[in-house]
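Visitor: Input file: upload.pdb. Contents: PDB, C-alpha atoms and all ligand atoms.
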ATOM      1  CA  MET A  95      -9.714 -17.644   1.503  1.00  0.00           C
ATOM      2  CA  LYS A  96      -7.532 -19.265   4.098  1.00  0.00           C
ATOM      3  CA  LEU A  97      -4.693 -17.368   5.788  1.00  0.00           C
ATOM      4  CA  THR A  98      -1.879 -19.241   7.500  1.00  0.00           C
ATOM      5  CA  PHE A  99       0.736 -17.613   9.675  1.00  0.00           C
ATOM      6  CA  LEU A 100       3.826 -19.461   8.447  1.00  0.00           C
ATOM      7  CA  GLY A 101       5.978 -17.492  10.882  1.00  0.00           C
ATOM      8  CA  THR A 102       5.315 -14.864  13.564  1.00  0.00           C
ATOM      9  CA  GLY A 103       8.770 -14.156  14.964  1.00  0.00           C
ATOM     10  CA  THR A 104      11.135 -11.223  14.692  1.00  0.00           C
ATOM     11  CA  SER A 105      14.290 -11.329  12.573  1.00  0.00           C
ATOM     12  CA  THR A 106      16.247 -13.630  14.919  1.00  0.00           C
ATOM     13  CA  GLY A 107      13.406 -16.067  15.434  1.00  0.00           C
ATOM     14  CA  VAL A 108      12.366 -17.266  18.890  1.00  0.00           C
ATOM     15  CA  PRO A 109      14.070 -19.057  20.638  1.00  0.00           C
ATOM     16  CA  THR A 110      16.915 -16.658  19.962  1.00  0.00           C
ATOM     17  CA  LEU A 111      20.302 -18.318  19.515  1.00  0.00           C
ATOM     18  CA  GLY A 112      22.280 -18.464  22.744  1.00  0.00           C
ATOM     19  CA  CYS A 113      19.453 -17.141  24.894  1.00  0.00           C
ATOM     20  CA  ARG A 114      18.107 -19.023  27.915  1.00  0.00           C
ATOM     21  CA  CYS A 115      15.406 -16.520  28.907  1.00  0.00           C
ATOM     22  CA  ARG A 116      12.018 -17.813  30.007  1.00  0.00           C
ATOM     23  CA  VAL A 117      10.388 -17.247  26.601  1.00  0.00           C
ATOM     24  CA  CYS A 118      13.265 -18.871  24.702  1.00  0.00           C
ATOM     25  CA  THR A 119      13.037 -21.902  27.011  1.00  0.00           C
ATOM     26  CA  SER A 120       9.222 -21.869  27.264  1.00  0.00           C
ATOM     27  CA  ALA A 121       7.357 -25.163  26.824  1.00  0.00           C
ATOM     28  CA  ASP A 122       4.470 -23.318  25.153  1.00  0.00           C
ATOM     29  CA  PRO A 123       4.709 -24.020  21.385  1.00  0.00           C
ATOM     30  CA  ARG A 124       3.214 -20.566  20.749  1.00  0.00           C
ATOM     31  CA  ASP A 125       6.463 -19.091  22.106  1.00  0.00           C
ATOM     32  CA  GLN A 126       8.412 -20.710  19.246  1.00  0.00           C
ATOM     33  CA  ARG A 127       8.370 -18.318  16.331  1.00  0.00           C
ATOM     34  CA  THR A 128       9.950 -18.691  12.929  1.00  0.00           C
ATOM     35  CA  ARG A 129      10.589 -15.632  10.770  1.00  0.00           C
ATOM     36  CA  PRO A 130       7.511 -13.645   9.658  1.00  0.00           C
ATOM     37  CA  SER A 131       5.476 -14.765   6.660  1.00  0.00           C
ATOM     38  CA  LEU A 132       1.843 -15.163   5.687  1.00  0.00           C
ATOM     39  CA  LEU A 133       0.331 -17.686   3.270  1.00  0.00           C
ATOM     40  CA  LEU A 134      -2.824 -16.926   1.275  1.00  0.00           C
ATOM     41  CA  GLU A 135      -4.757 -19.857  -0.186  1.00  0.00           C
ATOM     42  CA  TYR A 136      -7.785 -19.334  -2.416  1.00  0.00           C
ATOM     43  CA  ASP A 137      -9.284 -20.939  -5.543  1.00  0.00           C
ATOM     44  CA  GLY A 138      -6.517 -23.554  -5.638  1.00  0.00           C
ATOM     45  CA  ARG A 139      -3.824 -20.847  -5.600  1.00  0.00           C
ATOM     46  CA  THR A 140      -1.071 -20.424  -3.027  1.00  0.00           C
ATOM     47  CA  VAL A 141       0.566 -17.023  -2.560  1.00  0.00           C
ATOM     48  CA  VAL A 142       3.208 -16.308   0.062  1.00  0.00           C
ATOM     49  CA  ILE A 143       4.038 -12.908   1.514  1.00  0.00           C
ATOM     50  CA  ASP A 144       7.829 -12.873   2.050  1.00  0.00           C
ATOM     51  CA  THR A 145      10.153 -15.872   1.811  1.00  0.00           C
ATOM     52  CA  THR A 146      11.960 -16.054   5.134  1.00  0.00           C
ATOM     53  CA  PRO A 147      15.140 -17.969   6.015  1.00  0.00           C
ATOM     54  CA  ASP A 148      12.677 -20.511   7.484  1.00  0.00           C
ATOM     55  CA  PHE A 149      10.635 -20.827   4.272  1.00  0.00           C
ATOM     56  CA  ARG A 150      11.607 -24.449   3.612  1.00  0.00           C
ATOM     57  CA  ALA A 151      10.733 -25.597   7.139  1.00  0.00           C
ATOM     58  CA  GLN A 152       7.501 -23.587   7.027  1.00  0.00           C
ATOM     59  CA  ALA A 153       6.487 -25.095   3.678  1.00  0.00           C
ATOM     60  CA  LEU A 154       7.180 -28.599   5.010  1.00  0.00           C
ATOM     61  CA  ARG A 155       5.274 -27.996   8.218  1.00  0.00           C
ATOM     62  CA  HIS A 156       2.301 -26.652   6.279  1.00  0.00           C
ATOM     63  CA  GLN A 157       2.611 -29.438   3.640  1.00  0.00           C
ATOM     64  CA  MET A 158       2.582 -26.878   0.840  1.00  0.00           C
ATOM     65  CA  GLN A 159       2.004 -28.594  -2.494  1.00  0.00           C
ATOM     66  CA  ARG A 160       2.507 -25.625  -4.772  1.00  0.00           C
ATOM     67  CA  LEU A 161       3.515 -21.985  -4.878  1.00  0.00           C
ATOM     68  CA  ASP A 162       1.891 -19.660  -7.387  1.00  0.00           C
ATOM     69  CA  ALA A 163       3.523 -16.346  -6.431  1.00  0.00           C
ATOM     70  CA  ALA A 164       5.634 -14.609  -3.801  1.00  0.00           C
ATOM     71  CA  VAL A 165       4.908 -11.020  -2.783  1.00  0.00           C
ATOM     72  CA  PHE A 166       7.474  -9.004  -0.836  1.00  0.00           C
ATOM     73  CA  THR A 167       7.102  -6.317   1.815  1.00  0.00           C
ATOM     74  CA  HIS A 168      10.795  -5.303   1.866  1.00  0.00           C
ATOM     75  CA  ALA A 169      14.237  -6.784   1.375  1.00  0.00           C
ATOM     76  CA  HIS A 170      15.500  -7.281   4.931  1.00  0.00           C
ATOM     77  CA  ALA A 171      17.183 -10.645   5.401  1.00  0.00           C
ATOM     78  CA  ASP A 172      14.398 -12.087   7.550  1.00  0.00           C
ATOM     79  CA  HIS A 173      11.917 -11.478   4.688  1.00  0.00           C
ATOM     80  CA  ILE A 174      13.799 -12.616   1.576  1.00  0.00           C
ATOM     81  CA  LEU A 175      16.574 -15.100   2.374  1.00  0.00           C
ATOM     82  CA  GLY A 176      14.436 -18.197   1.760  1.00  0.00           C
ATOM     83  CA  LEU A 177      13.770 -17.259  -1.864  1.00  0.00           C
ATOM     84  CA  ASP A 178      16.202 -19.863  -3.200  1.00  0.00           C
ATOM     85  CA  ASP A 179      14.079 -22.567  -1.566  1.00  0.00           C
ATOM     86  CA  VAL A 180      11.144 -21.973  -3.913  1.00  0.00           C
ATOM     87  CA  ARG A 181      13.134 -24.067  -6.444  1.00  0.00           C
ATOM     88  CA  PRO A 182      11.313 -27.385  -5.934  1.00  0.00           C
ATOM     89  CA  PHE A 183       7.989 -25.675  -6.656  1.00  0.00           C
ATOM     90  CA  TYR A 184       9.422 -24.348  -9.921  1.00  0.00           C
ATOM     91  CA  PHE A 185      10.766 -27.818 -10.803  1.00  0.00           C
ATOM     92  CA  ARG A 186       7.319 -29.345 -10.223  1.00  0.00           C
ATOM     93  CA  GLN A 187       5.254 -26.607 -11.829  1.00  0.00           C
ATOM     94  CA  GLN A 188       7.644 -25.856 -14.737  1.00  0.00           C
ATOM     95  CA  THR A 189       6.562 -22.228 -15.029  1.00  0.00           C
ATOM     96  CA  PRO A 190       8.635 -19.333 -13.706  1.00  0.00           C
ATOM     97  CA  ILE A 191       7.329 -18.259 -10.306  1.00  0.00           C
ATOM     98  CA  PRO A 192       6.076 -14.669 -10.346  1.00  0.00           C
ATOM     99  CA  ILE A 193       7.519 -12.453  -7.630  1.00  0.00           C
ATOM    100  CA  TYR A 194       6.157  -8.998  -6.789  1.00  0.00           C
ATOM    101  CA  ALA A 195       7.994  -6.153  -5.066  1.00  0.00           C
ATOM    102  CA  GLU A 196       8.390  -2.387  -5.274  1.00  0.00           C
ATOM    103  CA  ALA A 197      11.435  -1.005  -7.109  1.00  0.00           C
ATOM    104  CA  HIS A 198      13.915  -0.682  -4.230  1.00  0.00           C
ATOM    105  CA  CYS A 199      13.017  -4.104  -2.843  1.00  0.00           C
ATOM    106  CA  LEU A 200      13.194  -5.763  -6.274  1.00  0.00           C
ATOM    107  CA  GLU A 201      16.632  -4.258  -6.857  1.00  0.00           C
ATOM    108  CA  ASN A 202      17.832  -5.658  -3.510  1.00  0.00           C
ATOM    109  CA  ILE A 203      16.408  -9.088  -4.304  1.00  0.00           C
ATOM    110  CA  ARG A 204      18.133  -9.061  -7.712  1.00  0.00           C
ATOM    111  CA  ARG A 205      21.440  -8.174  -6.053  1.00  0.00           C
ATOM    112  CA  THR A 206      21.145 -10.702  -3.206  1.00  0.00           C
ATOM    113  CA  PHE A 207      20.130 -13.502  -5.571  1.00  0.00           C
ATOM    114  CA  GLN A 208      22.223 -12.378  -8.547  1.00  0.00           C
ATOM    115  CA  TYR A 209      22.909 -15.996  -9.592  1.00  0.00           C
ATOM    116  CA  ILE A 210      19.178 -16.524 -10.128  1.00  0.00           C
ATOM    117  CA  PHE A 211      18.755 -13.485 -12.350  1.00  0.00           C
ATOM    118  CA  ASP A 212      21.981 -13.107 -14.359  1.00  0.00           C
ATOM    119  CA  GLY A 213      21.316 -16.114 -16.597  1.00  0.00           C
ATOM    120  CA  VAL A 214      24.860 -17.528 -16.505  1.00  0.00           C
ATOM    121  CA  TYR A 215      24.644 -20.055 -13.655  1.00  0.00           C
ATOM    122  CA  PRO A 216      26.322 -23.160 -15.123  1.00  0.00           C
ATOM    123  CA  TYR A 217      25.441 -25.647 -12.375  1.00  0.00           C
ATOM    124  CA  GLY A 218      21.739 -26.231 -13.077  1.00  0.00           C
ATOM    125  CA  GLY A 219      19.064 -26.682 -10.450  1.00  0.00           C
ATOM    126  CA  ILE A 220      18.140 -23.047 -10.319  1.00  0.00           C
ATOM    127  CA  ALA A 221      14.719 -21.451  -9.783  1.00  0.00           C
ATOM    128  CA  ARG A 222      13.264 -19.379 -12.548  1.00  0.00           C
ATOM    129  CA  LEU A 223      11.492 -16.303 -11.262  1.00  0.00           C
ATOM    130  CA  ASP A 224       9.334 -13.815 -13.101  1.00  0.00           C
ATOM    131  CA  PRO A 225       9.797 -10.399 -11.437  1.00  0.00           C
ATOM    132  CA  HIS A 226       6.943  -7.890 -11.387  1.00  0.00           C
ATOM    133  CA  LEU A 227       7.201  -4.320 -10.191  1.00  0.00           C
ATOM    134  CA  ILE A 228       4.547  -3.200  -7.715  1.00  0.00           C
ATOM    135  CA  ASP A 229       3.484   0.346  -8.557  1.00  0.00           C
ATOM    136  CA  GLY A 230      -0.131   0.195  -7.459  1.00  0.00           C
ATOM    137  CA  PRO A 231      -2.874  -2.341  -6.754  1.00  0.00           C
ATOM    138  CA  PHE A 232      -2.499  -5.589  -8.696  1.00  0.00           C
ATOM    139  CA  ASP A 233      -4.535  -8.747  -9.266  1.00  0.00           C
ATOM    140  CA  LEU A 234      -3.458 -12.319  -8.595  1.00  0.00           C
ATOM    141  CA  TRP A 235      -5.984 -14.819  -9.977  1.00  0.00           C
ATOM    142  CA  GLY A 236      -8.940 -12.662  -9.053  1.00  0.00           C
ATOM    143  CA  LEU A 237      -7.567 -11.439  -5.738  1.00  0.00           C
ATOM    144  CA  ARG A 238      -6.787  -7.737  -5.632  1.00  0.00           C
ATOM    145  CA  LEU A 239      -3.751  -6.798  -3.548  1.00  0.00           C
ATOM    146  CA  THR A 240      -3.450  -3.151  -2.621  1.00  0.00           C
ATOM    147  CA  PRO A 241      -0.026  -2.014  -1.420  1.00  0.00           C
ATOM    148  CA  VAL A 242      -0.193  -0.048   1.830  1.00  0.00           C
ATOM    149  CA  PRO A 243       2.913   2.163   2.216  1.00  0.00           C
ATOM    150  CA  VAL A 244       4.245   2.198   5.785  1.00  0.00           C
ATOM    151  CA  LEU A 245       7.462   3.409   7.414  1.00  0.00           C
ATOM    152  CA  HIS A 246       9.878   0.905   8.969  1.00  0.00           C
ATOM    153  CA  GLY A 247      12.122   3.371  10.826  1.00  0.00           C
ATOM    154  CA  ASN A 248      13.147   5.608   7.923  1.00  0.00           C
ATOM    155  CA  LEU A 249      12.653   2.904   5.283  1.00  0.00           C
ATOM    156  CA  PRO A 250       9.459   3.059   3.214  1.00  0.00           C
ATOM    157  CA  ILE A 251       8.135  -0.482   2.820  1.00  0.00           C
ATOM    158  CA  LEU A 252       4.831  -2.102   1.856  1.00  0.00           C
ATOM    159  CA  GLY A 253       2.012  -3.711   3.725  1.00  0.00           C
ATOM    160  CA  PHE A 254      -0.837  -5.260   1.755  1.00  0.00           C
ATOM    161  CA  ARG A 255      -4.579  -5.167   1.846  1.00  0.00           C
ATOM    162  CA  PHE A 256      -6.568  -7.999   0.243  1.00  0.00           C
ATOM    163  CA  GLY A 257     -10.336  -7.938   0.605  1.00  0.00           C
ATOM    164  CA  GLN A 258     -11.242  -7.215   4.219  1.00  0.00           C
ATOM    165  CA  ALA A 259      -7.811  -8.175   5.553  1.00  0.00           C
ATOM    166  CA  ALA A 260      -4.491  -6.351   5.777  1.00  0.00           C
ATOM    167  CA  TYR A 261      -0.960  -7.454   6.652  1.00  0.00           C
ATOM    168  CA  LEU A 262       1.409  -4.813   8.039  1.00  0.00           C
ATOM    169  CA  THR A 263       4.690  -6.330   9.145  1.00  0.00           C
ATOM    170  CA  ASP A 264       7.771  -4.296  10.077  1.00  0.00           C
ATOM    171  CA  PHE A 265       6.438  -0.801  10.576  1.00  0.00           C
ATOM    172  CA  SER A 266       6.942   1.964  13.090  1.00  0.00           C
ATOM    173  CA  THR A 267       4.506   4.461  11.535  1.00  0.00           C
ATOM    174  CA  ILE A 268       1.540   4.361   9.205  1.00  0.00           C
ATOM    175  CA  PRO A 269       1.524   7.579   7.163  1.00  0.00           C
ATOM    176  CA  GLU A 270      -1.693   9.592   7.129  1.00  0.00           C
ATOM    177  CA  THR A 271      -2.107   8.916   3.387  1.00  0.00           C
ATOM    178  CA  SER A 272      -2.267   5.143   4.000  1.00  0.00           C
ATOM    179  CA  LEU A 273      -4.981   5.292   6.667  1.00  0.00           C
ATOM    180  CA  PRO A 274      -7.929   5.295   4.197  1.00  0.00           C
ATOM    181  CA  LEU A 275      -6.577   2.014   2.736  1.00  0.00           C
ATOM    182  CA  LEU A 276      -7.179   0.394   6.121  1.00  0.00           C
ATOM    183  CA  ASP A 277     -10.833   1.351   6.494  1.00  0.00           C
ATOM    184  CA  GLY A 278     -13.460  -1.259   7.319  1.00  0.00           C
ATOM    185  CA  LEU A 279     -11.147  -4.197   7.976  1.00  0.00           C
ATOM    186  CA  GLU A 280     -12.359  -7.548   9.190  1.00  0.00           C
ATOM    187  CA  VAL A 281      -8.815  -8.631  10.073  1.00  0.00           C
ATOM    188  CA  LEU A 282      -5.725  -6.497  10.652  1.00  0.00           C
ATOM    189  CA  ILE A 283      -2.408  -8.300  11.104  1.00  0.00           C
ATOM    190  CA  LEU A 284       0.288  -6.001  12.440  1.00  0.00           C
ATOM    191  CA  ASP A 285       3.810  -5.784  13.784  1.00  0.00           C
ATOM    192  CA  ALA A 286       4.052  -5.710  17.594  1.00  0.00           C
ATOM    193  CA  LEU A 287       7.690  -6.425  18.334  1.00  0.00           C
ATOM    194  CA  ARG A 288       7.799  -6.266  22.118  1.00  0.00           C
ATOM    195  CA  PRO A 289       6.527  -4.239  25.067  1.00  0.00           C
ATOM    196  CA  LYS A 290       9.396  -1.696  24.908  1.00  0.00           C
ATOM    197  CA  PRO A 291       9.445   0.864  22.046  1.00  0.00           C
ATOM    198  CA  HIS A 292      11.842   0.279  19.132  1.00  0.00           C
ATOM    199  CA  PRO A 293      12.921   2.814  16.470  1.00  0.00           C
ATOM    200  CA  ALA A 294      11.845   0.636  13.518  1.00  0.00           C
ATOM    201  CA  HIS A 295       8.974  -1.443  14.903  1.00  0.00           C
ATOM    202  CA  SER A 296       5.638  -0.865  16.545  1.00  0.00           C
ATOM    203  CA  SER A 297       5.470  -1.958  20.193  1.00  0.00           C
ATOM    204  CA  ILE A 298       2.600  -3.847  21.827  1.00  0.00           C
ATOM    205  CA  GLU A 299       1.233  -0.598  23.252  1.00  0.00           C
ATOM    206  CA  GLN A 300       1.616   1.320  19.980  1.00  0.00           C
ATOM    207  CA  SER A 301      -0.073  -1.466  18.026  1.00  0.00           C
ATOM    208  CA  LEU A 302      -2.966  -1.460  20.494  1.00  0.00           C
ATOM    209  CA  ALA A 303      -3.319   2.254  19.758  1.00  0.00           C
ATOM    210  CA  TRP A 304      -3.334   1.557  15.990  1.00  0.00           C
ATOM    211  CA  VAL A 305      -6.062  -1.032  16.504  1.00  0.00           C
ATOM    212  CA  GLU A 306      -8.015   1.480  18.535  1.00  0.00           C
ATOM    213  CA  GLN A 307      -7.675   4.042  15.745  1.00  0.00           C
ATOM    214  CA  LEU A 308      -8.281   1.765  12.729  1.00  0.00           C
ATOM    215  CA  LYS A 309     -11.047  -0.290  14.372  1.00  0.00           C
ATOM    216  CA  PRO A 310     -10.702  -3.633  12.568  1.00  0.00           C
ATOM    217  CA  ARG A 311     -13.159  -6.258  13.776  1.00  0.00           C
ATOM    218  CA  ARG A 312     -10.221  -8.463  14.836  1.00  0.00           C
ATOM    219  CA  ALA A 313      -6.475  -7.860  15.072  1.00  0.00           C
ATOM    220  CA  PHE A 314      -3.514 -10.230  15.260  1.00  0.00           C
ATOM    221  CA  PHE A 315      -0.014  -9.232  16.362  1.00  0.00           C
ATOM    222  CA  THR A 316       3.062 -10.666  14.638  1.00  0.00           C
ATOM    223  CA  HIS A 317       6.860 -10.165  14.222  1.00  0.00           C
ATOM    224  CA  MET A 318       7.271 -10.756  17.965  1.00  0.00           C
ATOM    225  CA  ALA A 319      10.555 -10.981  19.841  1.00  0.00           C
ATOM    226  CA  HIS A 320      11.525 -13.062  22.869  1.00  0.00           C
ATOM    227  CA  GLN A 321      10.296 -10.351  25.244  1.00  0.00           C
ATOM    228  CA  VAL A 322       6.771 -11.512  24.369  1.00  0.00           C
ATOM    229  CA  SER A 323       5.442 -14.402  26.423  1.00  0.00           C
ATOM    230  CA  HIS A 324       2.393 -15.643  24.541  1.00  0.00           C
ATOM    231  CA  ALA A 325       0.360 -16.549  27.617  1.00  0.00           C
ATOM    232  CA  GLU A 326       1.238 -13.467  29.652  1.00  0.00           C
ATOM    233  CA  ILE A 327       0.790 -10.826  26.970  1.00  0.00           C
ATOM    234  CA  SER A 328      -2.369 -12.528  25.648  1.00  0.00           C
ATOM    235  CA  ALA A 329      -3.946 -12.238  29.073  1.00  0.00           C
ATOM    236  CA  SER A 330      -3.462  -8.463  28.978  1.00  0.00           C
ATOM    237  CA  LEU A 331      -5.114  -7.898  25.567  1.00  0.00           C
ATOM    238  CA  PRO A 332      -8.740  -7.062  24.765  1.00  0.00           C
ATOM    239  CA  PRO A 333     -10.660 -10.034  23.311  1.00  0.00           C
ATOM    240  CA  HIS A 334     -10.621  -8.786  19.704  1.00  0.00           C
ATOM    241  CA  VAL A 335      -6.826  -8.501  19.730  1.00  0.00           C
ATOM    242  CA  ARG A 336      -4.821 -11.741  19.728  1.00  0.00           C
ATOM    243  CA  LEU A 337      -1.184 -12.692  19.418  1.00  0.00           C
ATOM    244  CA  ALA A 338      -0.666 -14.755  16.285  1.00  0.00           C
ATOM    245  CA  TYR A 339       1.439 -17.905  16.470  1.00  0.00           C
ATOM    246  CA  ASP A 340       3.119 -20.123  13.913  1.00  0.00           C
ATOM    247  CA  GLY A 341       0.549 -22.312  12.176  1.00  0.00           C
ATOM    248  CA  LEU A 342      -2.474 -20.220  13.166  1.00  0.00           C
ATOM    249  CA  GLN A 343      -5.083 -20.260  10.389  1.00  0.00           C
ATOM    250  CA  LEU A 344      -7.924 -17.857   9.676  1.00  0.00           C
ATOM    251  CA  ASP A 345     -10.819 -18.415   7.293  1.00  0.00           C
ATOM    252  CA  LEU A 346     -11.980 -15.273   5.561  1.00  0.00           C
TER     253      LEU A 346
HETATM  254 ZN    ZN B 401      11.350  -8.207   9.801  1.00  0.00          ZN
HETATM  255 ZN    ZN B 402      15.344 -15.200  24.953  1.00  0.00          ZN
HETATM  256 ZN    ZN B 403      12.555  -5.286   8.374  1.00  0.00          ZN
END
Hey, can you dump this file as structure tokens for me?
Guide:
Amino acid sequence: MKLTFLGTGTSTGVPTLGCRCRVCTSADPRDQRTRPSLLLEYDGRTVVIDTTPDFRAQALRHQMQRLDAAVFTHAHADHILGLDDVRPFYFRQQTPIPIYAEAHCLENIRRTFQYIFDGVYPYGGIARLDPHLIDGPFDLWGLRLTPVPVLHGNLPILGFRFGQAAYLTDFSTIPETSLPLLDGLEVLILDALRPKPHPAHSSIEQSLAWVEQLKPRRAFFTHMAHQVSHAEISASLPPHVRLAYDGLQLDL
């Protein structure tokens, strides 16, 4: 399986509009972060986790040829607003694109994209989606995805484990009951917003502590804000912990 970080930025993206700080004006391409999303490619299948407002640009940059399913962590704008842009994949593939989310997230997606779901859009050119409720582990073409409940501030959202890898974006706490789901990981991808603590996100220091506790073989930080200079923060991390960047690929 190949993993591609389509985006590794926080909700505003980096550069942040209007900002002239040294990260937002950095010449290092790893300091340019689109909104957070991960692509899974295996056995000819392409599955995306979250469809960000940058989904179209990410799909073009990665030369995506197809999309077999979209899986959602939660319904914040930076994770769902690109859903309309899956349309061309539906037009090409001519089968409704399955989307997977837990109940609260699915309800928010249905409300935000009401015109896709209410069946009365008279203008044509609309995606057809096939919603699936996540209420436990599920299989996508032989790949088992196990939802990993985490807390994003006070909002319960989902991370996912697939094989020896796990993706935990947008969390501030991992409940005790989810810890066994993160045993024996080869790769842990986790939120590390910035050096300073934040009520709804894990900080660099907190994420280092999670890595210390969960002991994955390798860890990659994502959902990073413009307080994170790739070169500077990277230099301060242990060798098995890396900052992800847009376009980074991992073979599993
Ligand atoms: Zn987010
Ligand atoms: Zn900035
Ligand atoms: Zn969020």
Visitor: Exactly which residues make up the result of the PyMOL selection byres (((chain A and resi 184) around 9) and not hetatm) on this file, given as an MDAnalysis selection string?
Guide: chainID A and resid 160:161 180:183 185:191 220:223
Visitor: Name the residues that the PyMOL selection byres (((chain A and resi 100) around 9) and not hetatm) pulls out of this structure, and write them as a PyMOL selection string.
Guide: chain A and resi 98-99+101-102+128-133+142+148-149+152-153+155-156+339-342
Visitor: Can I get the residues close to ligand ZN 401 (chain B) as a list of chain:residue names, where close means within 7 Å and we count all atoms listed in the file?
Guide: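 With all atoms listed in the file and a cut-off of 7 Å, ligand ZN 401 (chain B) is contacted by A:Thr104, A:Ser105, A:Pro130, A:His170, A:Asp172, A:His173, A:Thr263, A:Asp264, A:His317.
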Visitor: Taking all atoms listed in the file into account, report as a ChimeraX atom specification which residues have an atom no farther than 9 Å from an atom of ligand ZN 402 (chain B).
Guide: /A:108-119,319-321
Visitor: What's the separation between CA of Leu252 in chain A and CA of Phe166 in chain A, in Å to one decimal place?
Guide: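 For CA of Leu252 in chain A relative to CA of Phe166 in chain A, the distance reads 7.9 Å.
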Visitor: Any chance you could resolve the PyMOL selection byres (((chain A and resi 283-294) around 7) and not hetatm) against this file and give the residues as a CSV table (one decimal) with C-alpha atoms, in the frame of the given file?
Guide:
chain,number,residue,atom,x,y,z
A,104,THR,CA,11.1,-11.2,14.7
A,246,HIS,CA,9.9,0.9,9.0
A,247,GLY,CA,12.1,3.4,10.8
A,260,ALA,CA,-4.5,-6.4,5.8
A,261,TYR,CA,-1.0,-7.5,6.7
A,262,LEU,CA,1.4,-4.8,8.0
A,263,THR,CA,4.7,-6.3,9.1
A,264,ASP,CA,7.8,-4.3,10.1
A,265,PHE,CA,6.4,-0.8,10.6
A,266,SER,CA,6.9,2.0,13.1
A,281,VAL,CA,-8.8,-8.6,10.1
A,282,LEU,CA,-5.7,-6.5,10.7
A,295,HIS,CA,9.0,-1.4,14.9
A,296,SER,CA,5.6,-0.9,16.5
A,297,SER,CA,5.5,-2.0,20.2
A,298,ILE,CA,2.6,-3.8,21.8
A,299,GLU,CA,1.2,-0.6,23.3
A,301,SER,CA,-0.1,-1.5,18.0
A,313,ALA,CA,-6.5,-7.9,15.1
A,314,PHE,CA,-3.5,-10.2,15.3
A,315,PHE,CA,0.0,-9.2,16.4
A,316,THR,CA,3.1,-10.7,14.6
A,317,HIS,CA,6.9,-10.2,14.2
A,318,MET,CA,7.3,-10.8,18.0
A,319,ALA,CA,10.6,-11.0,19.8
A,321,GLN,CA,10.3,-10.4,25.2
A,322,VAL,CA,6.8,-11.5,24.4
Visitor: For Val335 in chain A, which of A:Leu308, A:Val242, A:Leu302, A:Ile268 is the closest residue, counting only C-alpha atoms?
Guide: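 Using only C-alpha atoms, the shortest distance to Val335 in chain A belongs to A:Leu302.
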Visitor: Would you mind reading off the distance between CA of Gln126 in chain A and CA of Ala329 in chain A, one decimal, in Å?
Guide: 17.9 Å
